[in-house]
Amino acid sequence: MEQALDIAKNNLPVKGFLDLKDIQIPQGQDLIDAILKLKKEKNAVILAHYYQPGEIQDIADYLGDSLQLARAAKDTDADMIAFCGVHFMAEAAKILNPTKKVVLPDTLAGCSLADGCSGEGLRKMREQHPGALVATYINCNAETKAESDIIVTSSNAETIINALPKDQPIIFAPDKNLGRYLMKKTGRDMILWDGSCIVHEAFSMERIAKQLAENPDAKLIAHPESETPVLELAHFIGSTSALLNYVEKDDCQNFIIATEEGILHEMKKRAPHKELIPALVFDESCNCSECFFMKRNTLEKLYLCMKYELPEITMDEELRLKALKPIEAMLELSKTIK
């Protein structure tokens with residue numbers, strides 16, 4: 001077993017998770033019980049994003065969007081944070097809480113936005129626009145955060161952009177769709193990085209328009225990472241948590257949901273009597289939009305990462321401190337946002 005573990009550790013950079021084929025992993029309720037037992041033994045906390053598989057959402061101590069999870073990571077007194085999300089989220093947890101061990105079930109759970117924006121690229125962009133403030137969406141890696149003046153999430157972006165000095169230009173990275181939406185909402189003219197989320201760009205305006213015609217009583221709600229034509233059709237646009245709250249509290253009984261399909265799990269819990277229809281994507285062989293990266297995490301991988309405390313998120317301290325500054329600026333300006 002020790003040899004198999006050593007091989008699995010050596011293969012982590014390629015596999016992204018501990019691939020232990022010979023170990024007997026509990027199944028069903030036994031697996032859930034084993035994870036909860038490990039959580040207690042190791043004084044661990046499980047943080048999960050709304051886009052995670054439903055079975056992971058169900059056992060999380062904190063379920064939330066990027067802003068909510070950043071706050072939970074900062075405030076936890078657990079010794080270990082098991083972060084069920086994508087890599088940049090686990091990195092943010094480590095940036096905020098360096099004394100805690102942060103583990104991620106699968107380090108290959110990435111993000112097209114984070115992968116498409118680098119710290120070096122942002123530095124060059126800043127050189128082209130001297131005097132500009134750099135506001136960066138939290139969907140980016142630590143190196144990119146370190147080159148930013150402030151971080152935003154979809155929950156707080158409008159508040160933060162409105163709070164920035166009116167006489168300074170703003171570079172907004174890496175999501176051009178969110179950037180365009182914020183320009184419209186705030187009236188600020190921003191310089192946009194050319195990046196996008198592959199999940200939210202998959203929605204088809206034509207197919208959604210047909211869905212609306214077939215469901216005249218339904219409201220379309222969309223995440224601002226979606227493209228402008230989809231947002232122009234939407235009855236409501238908001239962050240992941242805002243979409244959840246809207247479905248729960250609005251009088252409408254039918255909704256077409258234009259964001260990652262994992263959110264439907266929590267929506268069905270909060271509004272079990274309402275009809276929730278996944279917005280259609282360009283690919284007609286699929287009726288929903290699923291993030292491949294988010295779904296790399298499984299209960300089995302969560303069990304292994306908690307048991308062996310790997311893969312672990314580590315970071316150079318100089319880089320961490322640089323990346324911490326814009327995140328702390330975000331949290332300070334976001335105190336009024338729930």
# chains A, B, ... in the order shown; residues from 1 in each chain; ligands from 1
>>> select_by_dssp(residues="segment 70-223 of chain A", states="strand (DSSP E)", output="PyMOL selection string")
chain A and resi 80-84+101-103+133-137+150-152+170-173+190-192+219-222
>>> residues_around(residues="Ser155 of chain A", least_positions_apart="3", cutoff="9 Å", atoms="only C-alpha atoms", output="list of chain:residue names")
A:Asp65, A:Ser66, A:Leu67, A:Val152, A:Glu158, A:Thr159, A:Gly238, A:Ser239, A:Thr240, A:Ser241, A:Ala242, A:Ser334, A:Ile337, A:Lys338
>>> residues_around(residues="Ala8 of chain A", least_positions_apart="4", cutoff="9 Å", atoms="only C-alpha atoms", output="NGL selection string")
:A and (3-4 or 12 or 15 or 17-20)
>>> residues_around(residues="segment 29-40 of chain A", least_positions_apart="3", cutoff="7 Å", atoms="only C-alpha atoms", output="PyMOL selection string")
chain A and resi 26+43-45+303+306-307
>>> write_last_selection(atoms="N, CA, C and O atoms", output="CSV table (one decimal), in the first residue's frame")
chain,number,residue,atom,x,y,z
A,26,PRO,N,-14.9,3.2,0.5
A,26,PRO,CA,-16.3,2.9,0.8
A,26,PRO,C,-17.3,3.4,-0.2
A,26,PRO,O,-17.0,4.4,-1.0
A,43,ASN,N,-10.4,17.9,12.3
A,43,ASN,CA,-10.9,19.2,12.5
A,43,ASN,C,-10.9,20.0,11.1
A,43,ASN,O,-10.3,21.0,11.0
A,44,ALA,N,-11.6,19.4,10.2
A,44,ALA,CA,-11.6,19.9,8.8
A,44,ALA,C,-13.0,20.6,8.6
A,44,ALA,O,-14.0,20.3,9.2
A,45,VAL,N,-13.0,21.5,7.6
A,45,VAL,CA,-14.2,22.1,7.1
A,45,VAL,C,-14.3,21.8,5.6
A,45,VAL,O,-13.3,21.9,4.9
A,303,TYR,N,-12.9,12.1,-0.4
A,303,TYR,CA,-12.5,11.1,0.7
A,303,TYR,C,-11.0,10.9,0.7
A,303,TYR,O,-10.3,11.0,1.7
A,306,MET,N,-9.0,14.1,1.8
A,306,MET,CA,-9.0,14.3,3.3
A,306,MET,C,-8.3,13.2,4.0
A,306,MET,O,-7.6,13.5,5.0
A,307,LYS,N,-8.3,12.0,3.6
A,307,LYS,CA,-7.6,10.9,4.3
A,307,LYS,C,-6.1,11.1,4.2
A,307,LYS,O,-5.4,11.0,5.2
>>> closest_residue(among="A:Glu147, A:Glu2, A:Met267, A:Ser285", to="Asp22 of chain A", atoms="only C-alpha atoms")
A:Glu2
>>> atom_distance(atom1="atom CA of Ile277 of chain A", atom2="atom CA of Ser154 of chain A")
22.2 Å
>>> closest_residue(among="A:Pro311, A:Gly131, A:Gly262, A:Gly119", to="Gly64 of chain A", atoms="only C-alpha atoms")
A:Gly262
>>> closest_residue(among="A:Lys335, A:Thr107, A:Met80, A:Ile171", to="Pro130 of chain A", atoms="only C-alpha atoms")
A:Ile171
>>> closest_residue(among="A:Asp58, A:Tyr181, A:Ile256, A:Ala213", to="Glu232 of chain A", atoms="only C-alpha atoms")
A:Tyr181
>>> select_by_dssp(residues="segment 22-199 of chain A", states="helix (DSSP H, G or I)", output="number ranges by chain")
A: 28-41, 54-59, 66-75, 87-96, 112-115, 119-128, 142-146, 157-163, 176-186
>>> closest_atom_pairs(of="segment 226-332 of chain A", to="segment 186-197 of chain A", cutoff="12 Å", atoms="only C-alpha atoms", output="CSV")
residue,atom,partner,partner_atom,distance
A:Ser226,CA,A:Cys197,CA,8.0
A:Glu227,CA,A:Ser196,CA,8.9
A:Thr228,CA,A:Ser196,CA,12.0
A:Thr259,CA,A:Cys197,CA,10.6
A:Glu260,CA,A:Cys197,CA,10.6
A:Ser289,CA,A:Cys197,CA,11.5
A:Glu290,CA,A:Cys197,CA,11.6
A:Cys291,CA,A:Cys197,CA,9.6
A:Phe292,CA,A:Cys197,CA,11.9
A:Phe293,CA,A:Cys197,CA,11.6
>>> write_last_selection(atoms="N, CA and C atoms", output="PDB file, in the first residue's frame")
ATOM      1  N   SER A 226     -22.616  35.391 -19.029  1.00  0.00           N
ATOM      2  CA  SER A 226     -23.216  35.036 -20.309  1.00  0.00           C
ATOM      3  C   SER A 226     -23.003  36.159 -21.323  1.00  0.00           C
ATOM      4  N   GLU A 227     -23.129  35.812 -22.607  1.00  0.00           N
ATOM      5  CA  GLU A 227     -22.923  36.814 -23.653  1.00  0.00           C
ATOM      6  C   GLU A 227     -24.077  37.809 -23.699  1.00  0.00           C
ATOM      7  N   THR A 228     -23.791  38.993 -24.231  1.00  0.00           N
ATOM      8  CA  THR A 228     -24.757  40.092 -24.245  1.00  0.00           C
ATOM      9  C   THR A 228     -26.114  39.721 -24.846  1.00  0.00           C
ATOM     10  N   THR A 259     -27.197  29.437 -16.347  1.00  0.00           N
ATOM     11  CA  THR A 259     -25.903  29.343 -15.679  1.00  0.00           C
ATOM     12  C   THR A 259     -25.592  27.860 -15.518  1.00  0.00           C
ATOM     13  N   GLU A 260     -24.484  27.539 -14.883  1.00  0.00           N
ATOM     14  CA  GLU A 260     -24.063  26.137 -14.758  1.00  0.00           C
ATOM     15  C   GLU A 260     -25.136  25.311 -14.052  1.00  0.00           C
ATOM     16  N   SER A 289     -25.966  23.067 -19.490  1.00  0.00           N
ATOM     17  CA  SER A 289     -24.585  23.535 -19.551  1.00  0.00           C
ATOM     18  C   SER A 289     -23.884  23.107 -18.270  1.00  0.00           C
ATOM     19  N   GLU A 290     -22.917  22.244 -18.427  1.00  0.00           N
ATOM     20  CA  GLU A 290     -22.219  21.674 -17.276  1.00  0.00           C
ATOM     21  C   GLU A 290     -20.741  22.015 -17.355  1.00  0.00           C
ATOM     22  N   CYS A 291     -20.168  22.428 -16.235  1.00  0.00           N
ATOM     23  CA  CYS A 291     -18.735  22.731 -16.183  1.00  0.00           C
ATOM     24  C   CYS A 291     -17.956  21.446 -15.939  1.00  0.00           C
ATOM     25  N   PHE A 292     -17.211  21.037 -16.934  1.00  0.00           N
ATOM     26  CA  PHE A 292     -16.398  19.827 -16.827  1.00  0.00           C
ATOM     27  C   PHE A 292     -15.428  19.924 -15.655  1.00  0.00           C
ATOM     28  N   PHE A 293     -14.880  21.105 -15.448  1.00  0.00           N
ATOM     29  CA  PHE A 293     -13.895  21.286 -14.380  1.00  0.00           C
ATOM     30  C   PHE A 293     -14.535  21.111 -13.009  1.00  0.00           C
TER      31      PHE A 293
END
>>> closest_residue(among="A:Ile208, A:Gln128, A:Leu304, A:Phe83", to="Pro169 of chain A", atoms="only C-alpha atoms")
A:Gln128
>>> atom_distance(atom1="atom CA of Leu220 of chain A", atom2="atom CA of Phe255 of chain A")
5.8 Å
>>> residues_around(residues="Ala279 of chain A", least_positions_apart="2", cutoff="12 Å", atoms="only C-alpha atoms", output="count of residues only")
44
>>> residues_around(residues="Thr76 of chain A", least_positions_apart="6", cutoff="12 Å", atoms="only C-alpha atoms", output="ChimeraX atom specification")
/A:43-47,61-62,69-70,82,93-94,96-102
